[in-house]
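J.: Supplied in C-alpha cells, the structure appears directly below.
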Amino acid sequence: MTGHDVSDTVPLRADLVIEYPFIRTTGPVVGAFLTGLREAVLVGIRRVDGTVMVPPVEYDPVTSESLTEVVEVSSTGTIVSWTWVDPPRPGSPWDTPHGLALVLLDGADTPLLHGVLVDSADELATGLRVEAVWRDERVGHITDLVGFAPVARDTSEGS
Amino acid sequence: MTNTPVPDGVPTDQVAEGPPIDLPPSISNVEPVLSVRTPIRLEYDFIPSAAAQQYLRAYASKRILGNRSPVDGAVFVPPRGVDPRNGVVADEMVDLVDRGHVGSFCITHLPIPGRRDLPVPYVSAWIHLDGADIGFLGLVAGCAATDVRIGMRVRAVWKPDAELAATAENVLHWEPTGEPDVPVDEAGNRGWALRQAATRGGDDA
C-alpha cells in the first residue's frame, strides 16, 4: 500500500482546544507588583542606573544584577504610543472595541501596556494624560486595573 | 524590608533565599500576593495531513498504519509522510500489529484538571509495536501501575466496534499479554540502535 491520495474523500477535521489552568508562584518582586494592584497602587523597581522600570523585574536587564528597591509610582501618566483594537480579541478582558496604549506613569522610566477606556480612536493621542481606573473588588491580578481613562482636568503644571 | 515570602506547605529549607526586597510603605504591611492564576487556552481547527488522514481512517477499523523510510527502512508510527531525520518523503504505508512492548513509561499521581475519566495513578507509556522503530504514546492498564516495566509485552484494548471512529482515541489502553519481557537492553529505542548495529555488521561481513 503506497501513496497518500485521499482526494476522493472529504478531509477529516476537528475543532480542538488546548487549555492549561496554570497557577504561578510570583516571587517577591512580581508579587509586590500584584500586591500593589490589590492595594490600588502601582509600583516599579529601581535599576542600577537609578531609573525605574514598571512593571518591576527581578534582575537588571543590562547588568543582570539583582534588583531589590520596589518604588511606588503615580497612577497618572502620559500615553507614549497607542493602537485601536476593533473588534476586541476573543478572550481579552474587554468585550467592546478599545484602545491599547503604552502609558509612561509619572515617576517611571519605562511605559506600561494596558487598555484605554475611551469610546473611539478619535479620543486617543500621544501625549494624552490618563489615570488608572481600578476595579472595586481587587484580588492581586492585572485585571484589578480596569484600564486608563483620560484625566478630565489635569492640574499639574509644566510638562 | 522583607524576605522572600514562602507559599504555604513549602518546606523553608527547600527555598532558595533571594536578597531582601525593599517595599514602599503602601504595600509593606499588607498580606503579600504569592501566586497568580494565568490560565491559557487555544482553540484551533485541526485538519490532519494526508498521511495522518489515511492513518485515522484505517485506525477506525482497528488497523495501525506506519510509514517506512526509503533511506534505511525505519518504520514510523503514526505515519507523517516524511522521514524527518533525512528530510525525504516516506509514503510507503505498512500495516502494523496491535501488540508490542513498553519502551519507556511514566506513572502520574497528580490528576489533570477536567479529566475525570483518568483516575490517578495512571501510566502513560511509549508503546513500541512489533515491526515499528519508534514508540507511540498510550496508556497502560490492566495491571497495577507498579507492575509496569520497560520491556513488558502489551496488546491494544480497543473500544467496542460501535464506538470506533476516525479519531486518535480508538485504543482505550494497552494491557499486559503475559508473554516474556523484551530484555531491557533491547527494548524501546535501544532496540533500534541494536538493529542498526547488526545491519552495519552484516554489510561489513
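In the C-alpha cells, the first chain shown is A, the next is B, and so on; residue numbers restart at 1 for each chain, and ligands run from 1 in the order shown.
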Please identify all polymer residues within 7 Å of segment 88-101 of chain B, counting only C-alpha atoms, omitting same-chain residues fewer than 4 positions from it, and present them as a list of chain:residue names.

T.: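 Returned residues: A:Met1, A:Thr2, A:Gly3, A:His4, B:Arg63, B:Ile64, B:Leu65, B:Gly66, B:Asn67, B:Arg68, B:Ser69, B:Pro70, B:Gly81, B:Val82, B:Asp83, B:Ile127, B:His128, B:Leu129, B:Asp130, B:Gly131, B:Gly151, B:Met152, B:Arg153, B:Val154, B:Arg155, B:Ala156.
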
J.: Could the residues in this selection be saved with C-alpha atoms as a PDB file, in the first residue's frame?

T.:
ATOM      1  CA  MET A   1       0.000   0.000   0.000  1.00  0.00           C
ATOM      2  CA  THR A   2       1.630   3.204  -1.184  1.00  0.00           C
ATOM      3  CA  GLY A   3       0.735   6.838  -1.639  1.00  0.00           C
ATOM      4  CA  HIS A   4      -1.284   9.446   0.142  1.00  0.00           C
TER       5      HIS A   4
ATOM      6  CA  ARG B  63      -5.688  -1.201  11.632  1.00  0.00           C
ATOM      7  CA  ILE B  64      -2.494   0.611  12.606  1.00  0.00           C
ATOM      8  CA  LEU B  65      -0.506   2.093   9.724  1.00  0.00           C
ATOM      9  CA  GLY B  66       3.091   3.256   9.675  1.00  0.00           C
ATOM     10  CA  ASN B  67       5.450   4.780   7.105  1.00  0.00           C
ATOM     11  CA  ARG B  68       8.628   3.015   6.003  1.00  0.00           C
ATOM     12  CA  SER B  69      11.671   5.205   5.360  1.00  0.00           C
ATOM     13  CA  PRO B  70      13.096   4.791   1.837  1.00  0.00           C
ATOM     14  CA  GLY B  81       4.529  11.136   5.223  1.00  0.00           C
ATOM     15  CA  VAL B  82       8.172  12.031   5.767  1.00  0.00           C
ATOM     16  CA  ASP B  83      11.362  10.678   7.282  1.00  0.00           C
ATOM     17  CA  ILE B 127       4.400   1.656  23.062  1.00  0.00           C
ATOM     18  CA  HIS B 128       6.837   0.090  20.580  1.00  0.00           C
ATOM     19  CA  LEU B 129       4.730  -2.021  18.216  1.00  0.00           C
ATOM     20  CA  ASP B 130       6.255  -5.140  16.732  1.00  0.00           C
ATOM     21  CA  GLY B 131       7.695  -4.039  13.392  1.00  0.00           C
ATOM     22  CA  GLY B 151      10.164  -4.378  28.057  1.00  0.00           C
ATOM     23  CA  MET B 152       6.714  -5.548  29.244  1.00  0.00           C
ATOM     24  CA  ARG B 153       4.715  -7.073  26.346  1.00  0.00           C
ATOM     25  CA  VAL B 154       1.329  -5.397  25.767  1.00  0.00           C
ATOM     26  CA  ARG B 155      -1.612  -5.545  23.383  1.00  0.00           C
ATOM     27  CA  ALA B 156      -4.276  -2.992  22.426  1.00  0.00           C
TER      28      ALA B 156
END

J.: Extract, using only C-alpha atoms, all DNA, RNA and protein residues at most 10 Å from Thr83 of chain A, discarding same-chain residues fewer than 4 positions from it, and format them as an NGL selection string.

T.: :A and (98-102 or 115-116 or 121 or 124-125)

J.: For Ala145 of chain B, please output as a PDB file with N, CA and C atoms, in the first residue's frame all residues within 8 Å (counting only C-alpha atoms; exclusion window: fewer than 4 positions along the same chain).

T.:
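Listed below is the output, around-v1.pdb:
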ATOM      1  N   ILE B 107       4.549   7.039  35.545  1.00  0.00           N
ATOM      2  CA  ILE B 107       3.384   6.907  36.424  1.00  0.00           C
ATOM      3  C   ILE B 107       3.016   8.296  36.931  1.00  0.00           C
ATOM      4  N   PRO B 121      -3.437   6.623  40.264  1.00  0.00           N
ATOM      5  CA  PRO B 121      -2.325   6.839  39.339  1.00  0.00           C
ATOM      6  C   PRO B 121      -2.618   6.190  37.993  1.00  0.00           C
ATOM      7  N   TYR B 122      -2.157   6.824  36.919  1.00  0.00           N
ATOM      8  CA  TYR B 122      -2.253   6.195  35.601  1.00  0.00           C
ATOM      9  C   TYR B 122      -0.862   6.133  34.982  1.00  0.00           C
ATOM     10  N   VAL B 123      -0.719   5.247  34.006  1.00  0.00           N
ATOM     11  CA  VAL B 123       0.587   5.018  33.401  1.00  0.00           C
ATOM     12  C   VAL B 123       0.519   5.385  31.926  1.00  0.00           C
ATOM     13  N   ALA B 141      -2.895  -0.187  31.189  1.00  0.00           N
ATOM     14  CA  ALA B 141      -3.799  -0.537  32.285  1.00  0.00           C
ATOM     15  C   ALA B 141      -3.965  -2.051  32.286  1.00  0.00           C
TER      16      ALA B 141
END

J.: Pull out every residue of chain A sitting within 9 Å of chain B, counting only C-alpha atoms, and send them as a ChimeraX atom specification.

T.: /A:1-6,11-36,38-39,41,43,66-72,91,139-141

J.: Atoms to include: C-alpha atoms. Write the selected residues as a compact mmCIF listing (two decimals), in the first residue's frame.

T.:
# COMPACT_ATOMS: atom_id res chain seq x y z
CA MET A 1 0.00 0.00 0.00
CA THR A 2 1.63 3.20 -1.18
CA GLY A 3 0.74 6.84 -1.64
CA HIS A 4 -1.28 9.45 0.14
CA ASP A 5 -4.09 10.01 -2.36
CA VAL A 6 -7.07 10.98 -0.25
CA PRO A 11 -10.92 15.76 4.60
CA LEU A 12 -11.16 14.96 8.29
CA ARG A 13 -11.24 17.97 10.55
CA ALA A 14 -11.77 18.60 14.23
CA ASP A 15 -12.25 21.63 16.47
CA LEU A 16 -9.66 21.16 19.18
CA VAL A 17 -8.98 23.05 22.41
CA ILE A 18 -5.79 23.01 24.40
CA GLU A 19 -6.07 24.52 27.87
CA TYR A 20 -3.89 24.73 30.96
CA PRO A 21 -5.14 26.14 34.29
CA PHE A 22 -1.74 27.41 35.43
CA ILE A 23 -1.18 28.91 38.87
CA ARG A 24 2.24 30.57 39.10
CA THR A 25 4.11 31.47 42.24
CA THR A 26 5.21 35.04 41.82
CA GLY A 27 8.41 35.54 43.78
CA PRO A 28 8.80 38.69 45.91
CA VAL A 29 9.23 41.22 43.06
CA VAL A 30 6.36 40.31 40.73
CA GLY A 31 4.40 39.56 43.92
CA ALA A 32 4.99 43.16 45.05
CA PHE A 33 3.53 44.44 41.77
CA LEU A 34 0.44 42.25 42.21
CA THR A 35 0.15 43.22 45.88
CA GLY A 36 0.21 46.83 44.70
CA ARG A 38 -4.70 44.73 45.02
CA GLU A 39 -3.99 47.84 47.10
CA VAL A 41 -1.07 51.22 43.95
CA VAL A 43 4.93 50.03 41.76
CA SER A 66 19.52 41.56 41.45
CA LEU A 67 17.14 44.47 41.90
CA THR A 68 15.64 44.98 45.35
CA GLU A 69 14.19 48.50 45.70
CA VAL A 70 10.48 48.48 44.88
CA VAL A 71 9.20 52.04 44.45
CA GLU A 72 5.71 53.44 44.18
CA GLY A 91 -10.77 36.04 25.47
CA VAL A 139 -7.57 40.19 44.13
CA GLY A 140 -3.94 40.78 43.11
CA HIS A 141 -4.20 40.36 39.34

J.: Kindly assemble as JSON lines a list of the segment 55-146 of chain B residues that lie within 7 Å of segment 168-190 of chain B, each paired with its nearest atom pair and their distance in Å to one decimal, using only C-alpha atoms, sorted first by chain and then by ascending residue number.

T.:
{"residue": "B:Leu56", "atom": "CA", "partner": "B:Ala168", "partner_atom": "CA", "distance": 6.8}
{"residue": "B:Ala60", "atom": "CA", "partner": "B:Asn170", "partner_atom": "CA", "distance": 6.9}
{"residue": "B:Val102", "atom": "CA", "partner": "B:Gly188", "partner_atom": "CA", "distance": 6.9}
{"residue": "B:Gly103", "atom": "CA", "partner": "B:Gly188", "partner_atom": "CA", "distance": 3.7}
{"residue": "B:Ser104", "atom": "CA", "partner": "B:Gly188", "partner_atom": "CA", "distance": 6.7}
{"residue": "B:His128", "atom": "CA", "partner": "B:Gly188", "partner_atom": "CA", "distance": 6.1}
{"residue": "B:Ile134", "atom": "CA", "partner": "B:Asn189", "partner_atom": "CA", "distance": 6.6}
{"residue": "B:Gly135", "atom": "CA", "partner": "B:Gly188", "partner_atom": "CA", "distance": 7.0}
{"residue": "B:Gly138", "atom": "CA", "partner": "B:His173", "partner_atom": "CA", "distance": 6.4}
{"residue": "B:Leu139", "atom": "CA", "partner": "B:His173", "partner_atom": "CA", "distance": 4.8}
{"residue": "B:Val140", "atom": "CA", "partner": "B:Trp174", "partner_atom": "CA", "distance": 4.7}
{"residue": "B:Ala141", "atom": "CA", "partner": "B:Glu175", "partner_atom": "CA", "distance": 5.4}
{"residue": "B:Gly142", "atom": "CA", "partner": "B:Glu175", "partner_atom": "CA", "distance": 5.1}

J.: Taking the DSSP assignment computed from this structure's backbone, write out as an NGL selection string all residues of segment 6-117 of chain B that belong to strand (DSSP E).

T.: :B and (35-37 or 40-46 or 64-68 or 75-76 or 82-83 or 88-89 or 92-96 or 99-108)

J.: Go ahead and write the residues just picked, C-alpha atoms, as a PDB file, in the first residue's frame.

T.:
ATOM      1  CA  SER B  35       0.623  33.339  43.424  1.00  0.00           C
ATOM      2  CA  VAL B  36      -1.431  34.285  40.402  1.00  0.00           C
ATOM      3  CA  ARG B  37      -3.784  32.367  38.112  1.00  0.00           C
ATOM      4  CA  ILE B  40      -4.045  29.676  28.843  1.00  0.00           C
ATOM      5  CA  ARG B  41      -6.394  28.376  26.173  1.00  0.00           C
ATOM      6  CA  LEU B  42      -6.000  27.804  22.456  1.00  0.00           C
ATOM      7  CA  GLU B  43      -8.904  26.898  20.175  1.00  0.00           C
ATOM      8  CA  TYR B  44      -7.941  25.615  16.777  1.00  0.00           C
ATOM      9  CA  ASP B  45      -9.316  23.889  13.711  1.00  0.00           C
ATOM     10  CA  PHE B  46      -7.282  20.736  13.065  1.00  0.00           C
ATOM     11  CA  ILE B  64      -2.494   0.611  12.606  1.00  0.00           C
ATOM     12  CA  LEU B  65      -0.506   2.093   9.724  1.00  0.00           C
ATOM     13  CA  GLY B  66       3.091   3.256   9.675  1.00  0.00           C
ATOM     14  CA  ASN B  67       5.450   4.780   7.105  1.00  0.00           C
ATOM     15  CA  ARG B  68       8.628   3.015   6.003  1.00  0.00           C
ATOM     16  CA  VAL B  75       9.115   2.306  10.316  1.00  0.00           C
ATOM     17  CA  PHE B  76       7.423   5.347  11.853  1.00  0.00           C
ATOM     18  CA  VAL B  82       8.172  12.031   5.767  1.00  0.00           C
ATOM     19  CA  ASP B  83      11.362  10.678   7.282  1.00  0.00           C
ATOM     20  CA  VAL B  88      12.711  12.835   2.426  1.00  0.00           C
ATOM     21  CA  VAL B  89       9.206  11.780   1.507  1.00  0.00           C
ATOM     22  CA  GLU B  92       5.149   3.641   1.753  1.00  0.00           C
ATOM     23  CA  MET B  93       2.429   2.519   4.155  1.00  0.00           C
ATOM     24  CA  VAL B  94       2.881  -0.627   6.216  1.00  0.00           C
ATOM     25  CA  ASP B  95       0.343  -2.442   8.384  1.00  0.00           C
ATOM     26  CA  LEU B  96       1.436  -2.980  11.967  1.00  0.00           C
ATOM     27  CA  ARG B  99       0.834  -5.566  20.050  1.00  0.00           C
ATOM     28  CA  GLY B 100       4.305  -4.597  21.161  1.00  0.00           C
ATOM     29  CA  HIS B 101       6.188  -3.688  24.303  1.00  0.00           C
ATOM     30  CA  VAL B 102       6.663  -0.792  26.712  1.00  0.00           C
ATOM     31  CA  GLY B 103       9.744   1.172  25.660  1.00  0.00           C
ATOM     32  CA  SER B 104       9.513   3.744  28.435  1.00  0.00           C
ATOM     33  CA  PHE B 105       6.783   4.870  30.800  1.00  0.00           C
ATOM     34  CA  CYS B 106       5.688   7.385  33.433  1.00  0.00           C
ATOM     35  CA  ILE B 107       3.384   6.907  36.424  1.00  0.00           C
ATOM     36  CA  THR B 108       1.335  10.053  37.068  1.00  0.00           C
TER      37      THR B 108
END

J.: Nearest to Leu145 of chain A among A:Leu113, A:Leu37, A:Val130, A:Tyr59, with distances taken over only C-alpha atoms: which residue is it?

T.: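 Checking each candidate against Leu145 of chain A, we get A:Leu37 as the closest.
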
J.: Using backbone DSSP assignments, extract all alpha helix (DSSP H) residues from chain A; output them as a PDB file with N, CA and C atoms, in the first residue's frame.

T.:
ATOM      1  N   GLY A  27       7.157  34.952  43.294  1.00  0.00           N
ATOM      2  CA  GLY A  27       8.408  35.538  43.784  1.00  0.00           C
ATOM      3  C   GLY A  27       8.115  36.900  44.398  1.00  0.00           C
ATOM      4  N   PRO A  28       9.065  37.464  45.141  1.00  0.00           N
ATOM      5  CA  PRO A  28       8.803  38.691  45.910  1.00  0.00           C
ATOM      6  C   PRO A  28       8.658  39.948  45.061  1.00  0.00           C
ATOM      7  N   VAL A  29       9.239  39.979  43.857  1.00  0.00           N
ATOM      8  CA  VAL A  29       9.226  41.218  43.061  1.00  0.00           C
ATOM      9  C   VAL A  29       7.946  41.331  42.242  1.00  0.00           C
ATOM     10  N   VAL A  30       7.634  40.300  41.467  1.00  0.00           N
ATOM     11  CA  VAL A  30       6.360  40.306  40.734  1.00  0.00           C
ATOM     12  C   VAL A  30       5.210  40.297  41.746  1.00  0.00           C
ATOM     13  N   GLY A  31       5.410  39.582  42.859  1.00  0.00           N
ATOM     14  CA  GLY A  31       4.402  39.563  43.922  1.00  0.00           C
ATOM     15  C   GLY A  31       4.131  40.961  44.460  1.00  0.00           C
ATOM     16  N   ALA A  32       5.175  41.782  44.561  1.00  0.00           N
ATOM     17  CA  ALA A  32       4.991  43.161  45.045  1.00  0.00           C
ATOM     18  C   ALA A  32       4.130  43.955  44.069  1.00  0.00           C
ATOM     19  N   PHE A  33       4.341  43.735  42.766  1.00  0.00           N
ATOM     20  CA  PHE A  33       3.526  44.442  41.769  1.00  0.00           C
ATOM     21  C   PHE A  33       2.062  44.051  41.918  1.00  0.00           C
ATOM     22  N   LEU A  34       1.819  42.725  42.086  1.00  0.00           N
ATOM     23  CA  LEU A  34       0.438  42.251  42.210  1.00  0.00           C
ATOM     24  C   LEU A  34      -0.177  42.688  43.541  1.00  0.00           C
ATOM     25  N   THR A  35       0.646  42.706  44.594  1.00  0.00           N
ATOM     26  CA  THR A  35       0.155  43.223  45.879  1.00  0.00           C
ATOM     27  C   THR A  35      -0.259  44.682  45.715  1.00  0.00           C
ATOM     28  N   GLY A  36       0.548  45.434  44.969  1.00  0.00           N
ATOM     29  CA  GLY A  36       0.213  46.834  44.703  1.00  0.00           C
ATOM     30  C   GLY A  36      -1.107  46.960  43.972  1.00  0.00           C
ATOM     31  N   LEU A  37      -1.317  46.120  42.954  1.00  0.00           N
ATOM     32  CA  LEU A  37      -2.583  46.185  42.217  1.00  0.00           C
ATOM     33  C   LEU A  37      -3.754  45.977  43.170  1.00  0.00           C
ATOM     34  N   ARG A  38      -3.612  44.988  44.074  1.00  0.00           N
ATOM     35  CA  ARG A  38      -4.701  44.726  45.022  1.00  0.00           C
ATOM     36  C   ARG A  38      -4.952  45.931  45.919  1.00  0.00           C
TER      37      ARG A  38
END

J.: Just to confirm, what's the straight-line distance from atom CA of Val80 of chain A to atom CA of Glu58 of chain A in Å (one decimal)?

T.: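 About the pair atom CA of Val80 of chain A and atom CA of Glu58 of chain A: they are 24.6 Å apart.
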
J.: Figure out the distance between atom CA of Pro61 of chain A and atom CA of Trp84 of chain A, please, to one decimal in Å.

T.: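 Spanning atom CA of Trp84 of chain A to atom CA of Pro61 of chain A is a straight-line distance of 29.5 Å.
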